[in-house]
$ cat final-v1.cif   # mmCIF, C-alpha atoms (C1' of nucleotides)
data_structure
#
loop_
_atom_site.label_atom_id
_atom_site.label_comp_id
_atom_site.auth_asym_id
_atom_site.auth_seq_id
_atom_site.Cartn_x
_atom_site.Cartn_y
_atom_site.Cartn_z
CA MET S 1 102.20 132.61 -101.67
CA THR S 2 100.42 132.97 -104.98
CA ASP S 3 102.39 129.87 -106.02
CA GLN S 4 100.45 128.00 -103.41
CA LEU S 5 97.13 128.90 -104.99
CA ASP S 6 98.57 127.87 -108.35
CA SER S 7 99.47 124.44 -107.13
CA ILE S 8 96.29 123.89 -105.13
CA PHE S 9 94.00 124.80 -108.00
CA ALA S 10 96.14 122.89 -110.50
CA ALA S 11 96.01 119.84 -108.26
CA LEU S 12 92.24 120.08 -108.07
CA ALA S 13 91.85 120.47 -111.82
CA ASP S 14 92.32 116.76 -112.47
CA PRO S 15 89.40 114.35 -111.94
CA THR S 16 91.66 111.47 -110.89
CA ARG S 17 93.18 113.60 -108.18
CA ARG S 18 89.80 114.84 -106.99
CA ALA S 19 88.61 111.25 -106.83
CA ILE S 20 91.68 110.36 -104.77
CA LEU S 21 90.97 113.18 -102.34
CA ALA S 22 87.39 112.03 -102.00
CA MET S 23 88.59 108.50 -101.26
CA LEU S 24 90.94 109.82 -98.58
CA LEU S 25 88.05 111.67 -97.03
CA GLU S 26 86.85 108.30 -95.83
CA ASP S 27 90.13 106.97 -94.52
CA ASP S 28 93.92 107.02 -94.79
CA MET S 29 95.13 104.64 -97.49
CA ALA S 30 98.25 102.95 -98.84
CA VAL S 31 99.37 103.94 -102.34
CA THR S 32 98.52 100.53 -103.77
CA ASP S 33 95.01 100.72 -102.35
CA VAL S 34 94.53 104.21 -103.70
CA ALA S 35 95.56 102.93 -107.12
CA ALA S 36 93.48 99.77 -107.07
CA PRO S 37 90.19 101.16 -108.45
CA PHE S 38 91.80 103.12 -111.27
CA LYS S 39 92.61 101.89 -114.75
CA ILE S 40 95.89 103.78 -114.99
CA SER S 41 99.24 102.45 -113.82
CA LEU S 42 100.49 102.49 -110.25
CA ALA S 43 103.33 104.76 -111.34
CA ALA S 44 100.84 107.30 -112.64
CA ILE S 45 98.90 107.21 -109.36
CA SER S 46 102.16 107.56 -107.46
CA ARG S 47 102.89 110.73 -109.37
CA HIS S 48 99.41 112.10 -108.78
CA LEU S 49 99.97 111.50 -105.08
CA SER S 50 103.34 113.26 -105.17
CA LEU S 51 101.71 116.23 -106.81
CA LEU S 52 98.96 116.28 -104.18
CA ALA S 53 101.61 116.08 -101.47
CA ASP S 54 103.61 118.91 -103.06
CA ALA S 55 100.47 121.02 -103.04
CA GLY S 56 100.05 120.14 -99.38
CA LEU S 57 96.66 118.55 -99.94
CA ILE S 58 97.80 115.21 -98.57
CA ALA S 59 100.61 114.03 -96.32
CA GLN S 60 102.51 110.82 -96.95
CA GLU S 61 104.15 108.80 -94.22
CA LYS S 62 106.16 105.69 -94.88
CA ARG S 63 105.84 102.92 -92.34
CA GLY S 64 107.65 99.80 -93.42
CA ARG S 65 107.05 99.36 -97.11
CA ILE S 66 103.64 101.04 -96.88
CA ASN S 67 103.39 104.70 -97.79
CA TRP S 68 100.30 105.97 -96.02
CA CYS S 69 98.34 108.82 -97.57
CA LYS S 70 96.35 111.13 -95.38
CA LEU S 71 94.14 114.03 -96.34
CA GLU S 72 95.27 117.50 -95.23
CA PRO S 73 92.06 119.47 -95.59
CA ASP S 74 93.56 122.60 -94.09
CA ALA S 75 95.65 123.11 -97.21
CA MET S 76 92.50 123.95 -99.09
CA ARG S 77 91.59 126.80 -96.81
CA ASP S 78 93.48 129.53 -98.66
CA ALA S 79 92.04 128.56 -102.01
CA PHE S 80 88.65 128.36 -100.40
CA THR S 81 89.05 131.85 -98.97
CA TRP S 82 90.12 133.18 -102.33
CA MET S 83 86.98 131.83 -104.01
CA GLN S 84 84.70 132.82 -101.23
CA ALA S 85 84.80 136.53 -101.89
CA PHE S 86 83.47 136.14 -105.43
CA GLY S 87 80.02 135.21 -104.31
CA HIS S 88 78.29 135.03 -101.05
CA TYR S 89 77.83 131.34 -101.27
CA ALA S 90 75.64 129.49 -98.90
CA PRO S 91 77.33 127.70 -96.03
CA LEU S 92 77.97 124.00 -96.26
CA ASP S 93 75.59 122.23 -98.61
CA LEU S 94 76.37 118.61 -97.94
CA ASP S 95 73.70 117.35 -100.31
CA ALA S 96 75.34 119.15 -103.17
CA PHE S 97 78.72 117.74 -102.22
CA GLU S 98 77.41 114.22 -102.12
CA ARG S 99 76.00 114.66 -105.58
CA PHE S 100 79.53 115.57 -106.66
CA LEU S 101 80.92 112.47 -105.06
CA GLU S 102 78.40 110.39 -106.97
CA ALA S 103 79.29 112.11 -110.20
CA GLU S 104 83.02 111.99 -109.73
CA LEU S 105 83.43 108.58 -108.23
CA ASN S 106 80.93 106.78 -110.45
CA PRO S 107 81.10 108.31 -113.90
CA SER S 108 80.73 105.97 -116.87
CA ASP S 109 84.24 106.65 -118.20
CA SER S 110 85.96 106.33 -114.86
CA PRO S 111 87.02 103.55 -112.57
CA ASP S 112 84.33 103.55 -109.90
CA PRO S 113 86.85 103.85 -107.06
CA VAL S 114 84.41 103.62 -104.19
CA HIS S 115 80.71 103.17 -103.64
CA SER S 116 79.26 106.07 -101.74
CA ASP S 117 76.30 104.51 -99.96
CA GLU S 118 78.39 104.21 -96.84
CA ASN S 119 78.03 107.90 -96.21
CA THR S 120 80.97 108.23 -93.84
CA LEU S 121 81.77 111.84 -94.57
CA GLY S 122 83.86 113.57 -91.99
CA GLY S 123 85.59 110.38 -91.02
CA GLN S 124 89.12 111.63 -91.44
CA GLY S 125 91.03 110.86 -88.33
CA GLY S 126 93.23 113.67 -87.01
CA MET B 1 79.49 117.81 -114.91
CA THR B 2 82.90 116.70 -113.69
CA ASP B 3 84.25 118.45 -116.81
CA GLN B 4 82.94 121.66 -115.35
CA LEU B 5 85.01 121.28 -112.19
CA ASP B 6 88.03 120.48 -114.36
CA SER B 7 87.71 123.68 -116.32
CA ILE B 8 86.88 125.87 -113.32
CA PHE B 9 89.85 124.68 -111.29
CA ALA B 10 92.15 124.77 -114.31
CA ALA B 11 91.05 128.32 -115.04
CA LEU B 12 91.79 129.33 -111.47
CA ALA B 13 95.22 127.68 -111.51
CA ASP B 14 96.83 130.54 -113.42
CA PRO B 15 97.85 133.74 -111.58
CA THR B 16 97.15 135.98 -114.57
CA ARG B 17 93.61 134.66 -114.78
CA ARG B 18 93.05 135.05 -111.05
CA ALA B 19 94.31 138.63 -111.30
CA ILE B 20 91.87 139.25 -114.15
CA LEU B 21 88.99 137.90 -112.09
CA ALA B 22 89.99 140.13 -109.20
CA MET B 23 90.03 143.14 -111.53
CA LEU B 24 86.57 142.26 -112.79
CA LEU B 25 85.38 142.11 -109.22
CA GLU B 26 85.60 145.88 -109.22
CA ASP B 27 83.94 146.55 -112.55
CA ASP B 28 83.16 145.26 -116.03
CA MET B 29 86.00 145.93 -118.43
CA ALA B 30 86.91 145.93 -122.11
CA VAL B 31 89.52 143.43 -123.29
CA THR B 32 92.06 146.15 -123.99
CA ASP B 33 91.65 147.60 -120.51
CA VAL B 34 91.98 144.17 -118.93
CA ALA B 35 95.22 143.70 -120.85
CA ALA B 36 96.68 147.14 -120.13
CA PRO B 37 98.43 146.41 -116.81
CA PHE B 38 99.98 143.12 -117.93
CA LYS B 39 103.30 142.65 -119.63
CA ILE B 40 102.09 139.90 -121.94
CA SER B 41 100.51 140.50 -125.33
CA LEU B 42 96.91 141.43 -125.94
CA ALA B 43 96.46 138.18 -127.84
CA ALA B 44 97.55 136.22 -124.80
CA ILE B 45 95.07 138.10 -122.60
CA SER B 46 92.37 137.53 -125.18
CA ARG B 47 92.98 133.80 -124.94
CA HIS B 48 92.95 133.88 -121.15
CA LEU B 49 89.60 135.64 -121.36
CA SER B 50 88.25 133.04 -123.79
CA LEU B 51 89.30 130.32 -121.42
CA LEU B 52 87.62 132.07 -118.50
CA ALA B 53 84.50 132.48 -120.62
CA ASP B 54 84.56 128.80 -121.61
CA ALA B 55 84.74 127.91 -117.95
CA GLY B 56 81.76 130.17 -117.36
CA LEU B 57 83.66 132.38 -114.95
CA ILE B 58 83.10 135.48 -117.05
CA ALA B 59 80.64 136.50 -119.73
CA GLN B 60 81.69 138.47 -122.77
CA GLU B 61 79.33 140.75 -124.61
CA LYS B 62 80.33 142.60 -127.73
CA ARG B 63 78.92 146.09 -128.11
CA GLY B 64 80.33 147.81 -131.13
CA ARG B 65 84.01 147.04 -131.27
CA ILE B 66 84.24 146.68 -127.50
CA ASN B 67 84.03 143.21 -126.01
CA TRP B 68 82.88 143.74 -122.45
CA CYS B 69 83.96 141.26 -119.80
CA LYS B 70 81.80 140.66 -116.79
CA LEU B 71 82.40 138.44 -113.81
CA GLU B 72 80.03 135.49 -113.37
CA PRO B 73 80.65 134.58 -109.74
CA ASP B 74 77.91 131.97 -109.75
CA ALA B 75 80.06 129.71 -111.91
CA MET B 76 82.36 129.22 -108.98
CA ARG B 77 79.65 127.86 -106.76
CA ASP B 78 80.02 124.20 -107.71
CA ALA B 79 83.76 124.22 -107.22
CA PHE B 80 83.24 126.04 -103.96
CA THR B 81 80.77 123.43 -102.82
CA TRP B 82 83.15 120.66 -103.76
CA MET B 83 85.92 122.13 -101.64
CA GLN B 84 83.72 123.01 -98.77
CA ALA B 85 83.16 119.48 -97.56
CA PHE B 86 86.88 118.92 -96.96
CA GLY B 87 87.02 121.21 -94.01
CA HIS B 88 84.55 123.20 -92.04
CA TYR B 89 86.03 126.47 -93.10
CA ALA B 90 85.03 129.68 -91.47
CA PRO B 91 82.50 131.81 -93.28
CA LEU B 92 83.67 134.74 -95.36
CA ASP B 93 86.97 136.13 -94.16
CA LEU B 94 87.26 139.31 -96.13
CA ASP B 95 90.53 140.33 -94.52
CA ALA B 96 92.16 137.16 -95.74
CA PHE B 97 90.82 137.72 -99.21
CA GLU B 98 92.16 141.24 -99.37
CA ARG B 99 95.57 139.95 -98.38
CA PHE B 100 95.33 137.65 -101.40
CA LEU B 101 94.43 140.55 -103.61
CA GLU B 102 97.49 142.41 -102.38
CA ALA B 103 99.68 139.40 -103.01
CA GLU B 104 98.25 138.54 -106.41
CA LEU B 105 97.83 141.99 -107.86
CA ASN B 106 101.08 143.46 -106.58
CA PRO B 107 103.77 140.77 -106.65
CA SER B 108 107.23 141.83 -107.71
CA ASP B 109 107.27 139.68 -110.86
CA SER B 110 103.83 140.70 -111.96
CA PRO B 111 102.28 143.70 -113.63
CA ASP B 112 100.57 145.53 -110.78
CA PRO B 113 97.21 145.53 -112.51
CA VAL B 114 95.36 147.58 -109.91
CA HIS B 115 96.05 149.31 -106.68
CA SER B 116 93.87 147.98 -103.93
CA ASP B 117 93.58 150.94 -101.58
CA GLU B 118 90.23 151.74 -103.14
CA ASN B 119 88.65 148.86 -101.29
CA THR B 120 85.59 148.63 -103.49
CA LEU B 121 84.94 144.94 -103.05
CA GLY B 122 81.48 143.82 -103.96
CA GLY B 123 81.07 146.63 -106.40
CA GLN B 124 80.30 144.54 -109.47
CA GLY B 125 77.31 146.11 -111.09
CA GLY B 126 75.02 143.84 -113.06
"C1'" DG A 1 86.74 155.62 -148.44
"C1'" DT A 2 90.79 156.05 -145.32
"C1'" DG A 3 92.77 155.37 -141.29
"C1'" DA A 4 92.85 154.36 -136.39
"C1'" DT A 5 91.17 151.29 -132.76
"C1'" DA A 6 89.61 146.79 -130.72
"C1'" DT A 7 89.93 142.12 -130.90
"C1'" DT A 8 90.59 137.61 -132.62
"C1'" DC A 9 92.88 134.12 -135.49
"C1'" DA A 10 96.71 131.24 -137.25
"C1'" DA A 11 101.19 129.57 -137.20
"C1'" DC A 12 104.76 128.68 -134.47
"C1'" DC A 13 107.62 127.45 -130.19
"C1'" DA A 14 109.13 125.85 -125.46
"C1'" DA A 15 107.74 123.89 -121.40
"C1'" DA A 16 104.56 121.35 -118.61
"C1'" DT A 17 101.30 117.45 -118.05
"C1'" DG A 18 99.66 112.79 -117.91
"C1'" DG A 19 100.28 108.53 -119.54
"C1'" DT A 20 103.32 104.25 -120.54
"C1'" DT A 21 106.97 100.61 -119.51
"C1'" DG A 22 110.96 98.59 -117.30
"C1'" DA A 23 114.41 98.83 -113.78
"C1'" DC A 24 115.39 99.62 -109.17
"C1'" DG A 25 115.60 99.87 -103.85
"C1'" DA A 26 113.23 98.50 -99.62
"C1'" DT A 27 110.74 95.71 -96.85
"C1'" DC A 28 108.21 91.68 -95.46
"C1'" DT A 29 107.74 86.42 -95.58
"C1'" DA A 30 109.16 81.75 -96.13
"C1'" DT U 1 119.03 83.80 -98.92
"C1'" DA U 2 115.20 83.78 -102.20
"C1'" DG U 3 111.06 85.52 -103.60
"C1'" DA U 4 107.04 88.39 -103.37
"C1'" DT U 5 105.17 92.95 -102.48
"C1'" DC U 6 105.27 98.13 -102.20
"C1'" DG U 7 106.47 102.08 -104.24
"C1'" DT U 8 109.45 105.32 -106.81
"C1'" DC U 9 112.45 106.62 -110.60
"C1'" DA U 10 113.97 107.28 -115.39
"C1'" DA U 11 113.24 107.38 -120.14
"C1'" DC U 12 110.07 108.03 -123.43
"C1'" DC U 13 105.81 109.79 -125.95
"C1'" DA U 14 101.61 112.57 -127.22
"C1'" DT U 15 98.90 116.33 -125.95
"C1'" DT U 16 98.03 120.65 -123.74
"C1'" DT U 17 99.36 125.15 -122.24
"C1'" DG U 18 101.00 129.77 -122.40
"C1'" DG U 19 103.58 132.68 -124.78
"C1'" DT U 20 105.07 135.07 -129.31
"C1'" DT U 21 104.29 137.60 -133.89
"C1'" DG U 22 101.84 139.03 -137.93
"C1'" DA U 23 97.65 138.99 -140.55
"C1'" DA U 24 92.71 139.49 -140.62
"C1'" DT U 25 88.15 141.31 -139.24
"C1'" DA U 26 85.01 144.65 -137.49
"C1'" DT U 27 83.79 149.02 -135.92
"C1'" DC U 28 84.39 153.91 -135.11
"C1'" DA U 29 85.95 158.69 -136.56
"C1'" DC U 30 87.05 161.72 -140.05
#

$ encode --input "final-v1.cif" --output "structure tokens"
Amino acid sequence: MTDQLDSIFAALADPTRRAILAMLLEDDMAVTDVAAPFKISLAAISRHLSLLADAGLIAQEKRGRINWCKLEPDAMRDAFTWMQAFGHYAPLDLDAFERFLEAELNPSDSPDPVHSDENTLGGQGG
Amino acid sequence: MTDQLDSIFAALADPTRRAILAMLLEDDMAVTDVAAPFKISLAAISRHLSLLADAGLIAQEKRGRINWCKLEPDAMRDAFTWMQAFGHYAPLDLDAFERFLEAELNPSDSPDPVHSDENTLGGQGG
DNA sequence: GTGATATTCAACCAAATGGTTGACGATCTA
DNA sequence: TAGATCGTCAACCATTTGGTTGAATATCAC
């Protein structure tokens, strides 16, 4: 059970993986489409996705030759609970989160995976 | 700024470091006392503490030959905010957190750093 | 000053991580 | 069937990580 926290936090410690999760917040995506905005190879993205799937943060489902990636936000709950007791943080601050999206998805050294003026947060289909 | 999330999540990805943070939740501690319950060397603990300090999760203050370690829960806020938008998680579930403490502080393969029947959560003095 | 205590530093090592490239299996399309 | 597309796998490489031990530094106690 502590292994799960290990893998969740480790998965979140990489900016590419966090960017991928943010992309999947908007919609389910094929591996190739996930990879498209990044400078690194498709194989590298594929491995990031495997790691995210191992951590339970995404689910992958192969239909035909397309491997669909879908966010599993529930997997974050335990890690979230763990952190929560360290400070009595304010409930959801969506402004702050959107600032993160800006910073993580559009940094100068990174691939600008999506533009965030669409503002479709919460659009993950069950 | 995205570097900060990297280092926070990476710091939290190690069970020894999470156990240390949980210990510091109860009280400020000297490096030697932090290290006492663990099987690994003092030098290793010292490096874990440096890493936690670099991430901003603890502050260290040397008084005499004692290097006091103090939790800095505010450093977790950004990471917390980042996670929060992925699910509309319930507000503070202290029961769940205490189950984590049990699991992380008393696993069979780990050093049993503290016993948690004291139940002094929130007792970090400034 | 001498010695014990508290802590960090440096050198070293094994394993994990994150990237690459090229080959491969599967699936769609012509 | 042939060829393009989707995605993973395997081998390789450099860097980071987490541990070790022994030496070094700084402070406290005598």

$ closest_atom_pairs --input "final-v1.cif" --of "chain U" --to "chain B" --cutoff "9 Å" --atoms "all atoms listed in the file" --output "CSV"
residue,atom,partner,partner_atom,distance
U:DG18,C1',B:Ala44,CA,7.7
U:DG19,C1',B:Ala44,CA,7.0
U:DT20,C1',B:Ser41,CA,8.1
U:DA26,C1',B:Arg65,CA,6.7
U:DT27,C1',B:Arg65,CA,5.1
U:DC28,C1',B:Arg65,CA,7.9

$ resolve_selection --input "final-v1.cif" --expression "the PyMOL selection byres ((chain A and resi 7) around 12)" --output "number ranges by chain"
B: 30-33, 35, 42-47, 49-50, 62, 64-68; A: 5-6, 8-9; U: 24-27

$ closest_atom_pairs --input "final-v1.cif" --of "chain A" --to "chain S" --cutoff "9 Å" --atoms "all atoms listed in the file" --output "JSON lines"
{"residue": "A:DG18", "atom": "C1'", "partner": "S:Ala44", "partner_atom": "CA", "distance": 7.7}
{"residue": "A:DG19", "atom": "C1'", "partner": "S:Ala44", "partner_atom": "CA", "distance": 7.0}
{"residue": "A:DT20", "atom": "C1'", "partner": "S:Ser41", "partner_atom": "CA", "distance": 8.1}
{"residue": "A:DA26", "atom": "C1'", "partner": "S:Arg65", "partner_atom": "CA", "distance": 6.7}
{"residue": "A:DT27", "atom": "C1'", "partner": "S:Arg65", "partner_atom": "CA", "distance": 5.2}
{"residue": "A:DC28", "atom": "C1'", "partner": "S:Arg65", "partner_atom": "CA", "distance": 7.9}

$ write_last_selection --input "final-v1.cif" --atoms "C-alpha atoms (C1' of nucleotides)" --output "compact mmCIF listing (two decimals), in the coordinates of the input"
# COMPACT_ATOMS: atom_id res chain seq x y z
C1' DG A 18 99.66 112.79 -117.91
C1' DG A 19 100.28 108.53 -119.54
C1' DT A 20 103.32 104.25 -120.54
C1' DA A 26 113.23 98.50 -99.62
C1' DT A 27 110.74 95.71 -96.85
C1' DC A 28 108.21 91.68 -95.46

$ resolve_selection --input "final-v1.cif" --expression "the PyMOL selection byres ((chain S and resi 72) around 12)" --output "number ranges by chain"
S: 8, 21-22, 24-25, 27-28, 52-60, 69-71, 73-77, 124-126; B: 86-87

$ atom_distance --input "final-v1.cif" --atom1 "CA of Trp82 (chain S)" --atom2 "CA of Ala85 (chain B)"
16.1 Å

$ closest_residue --input "final-v1.cif" --among "S:Ala36, S:Ala79, S:Ile20, S:Ala13" --to "chain B" --atoms "all atoms listed in the file"
S:Ala13

$ closest_residue --input "final-v1.cif" --among "S:Asp3, S:Ala10, S:Met23, S:Asp78" --to "chain B" --atoms "only C-alpha atoms"
S:Ala10

$ closest_residue --input "final-v1.cif" --among "B:Arg17, B:Met29, B:Phe9, B:Gln4" --to "chain S" --atoms "all atoms listed in the file"
B:Phe9

$ atom_distance --input "final-v1.cif" --atom1 "C1' of DC12 (chain A)" --atom2 "CA of Ala11 (chain B)"
23.8 Å

$ resolve_selection --input "final-v1.cif" --expression "the PyMOL selection byres ((chain U and resi 9) around 8)" --output "list in words"
DC24 of chain A; DT8 and DA10 of chain U

$ atom_distance --input "final-v1.cif" --atom1 "CA of Pro15 (chain B)" --atom2 "CA of Glu61 (chain B)"
23.7 Å

$ closest_residue --input "final-v1.cif" --among "S:Met83, S:Val34, S:Leu51, S:Ala19" --to "chain B" --atoms "only C-alpha atoms"
S:Met83
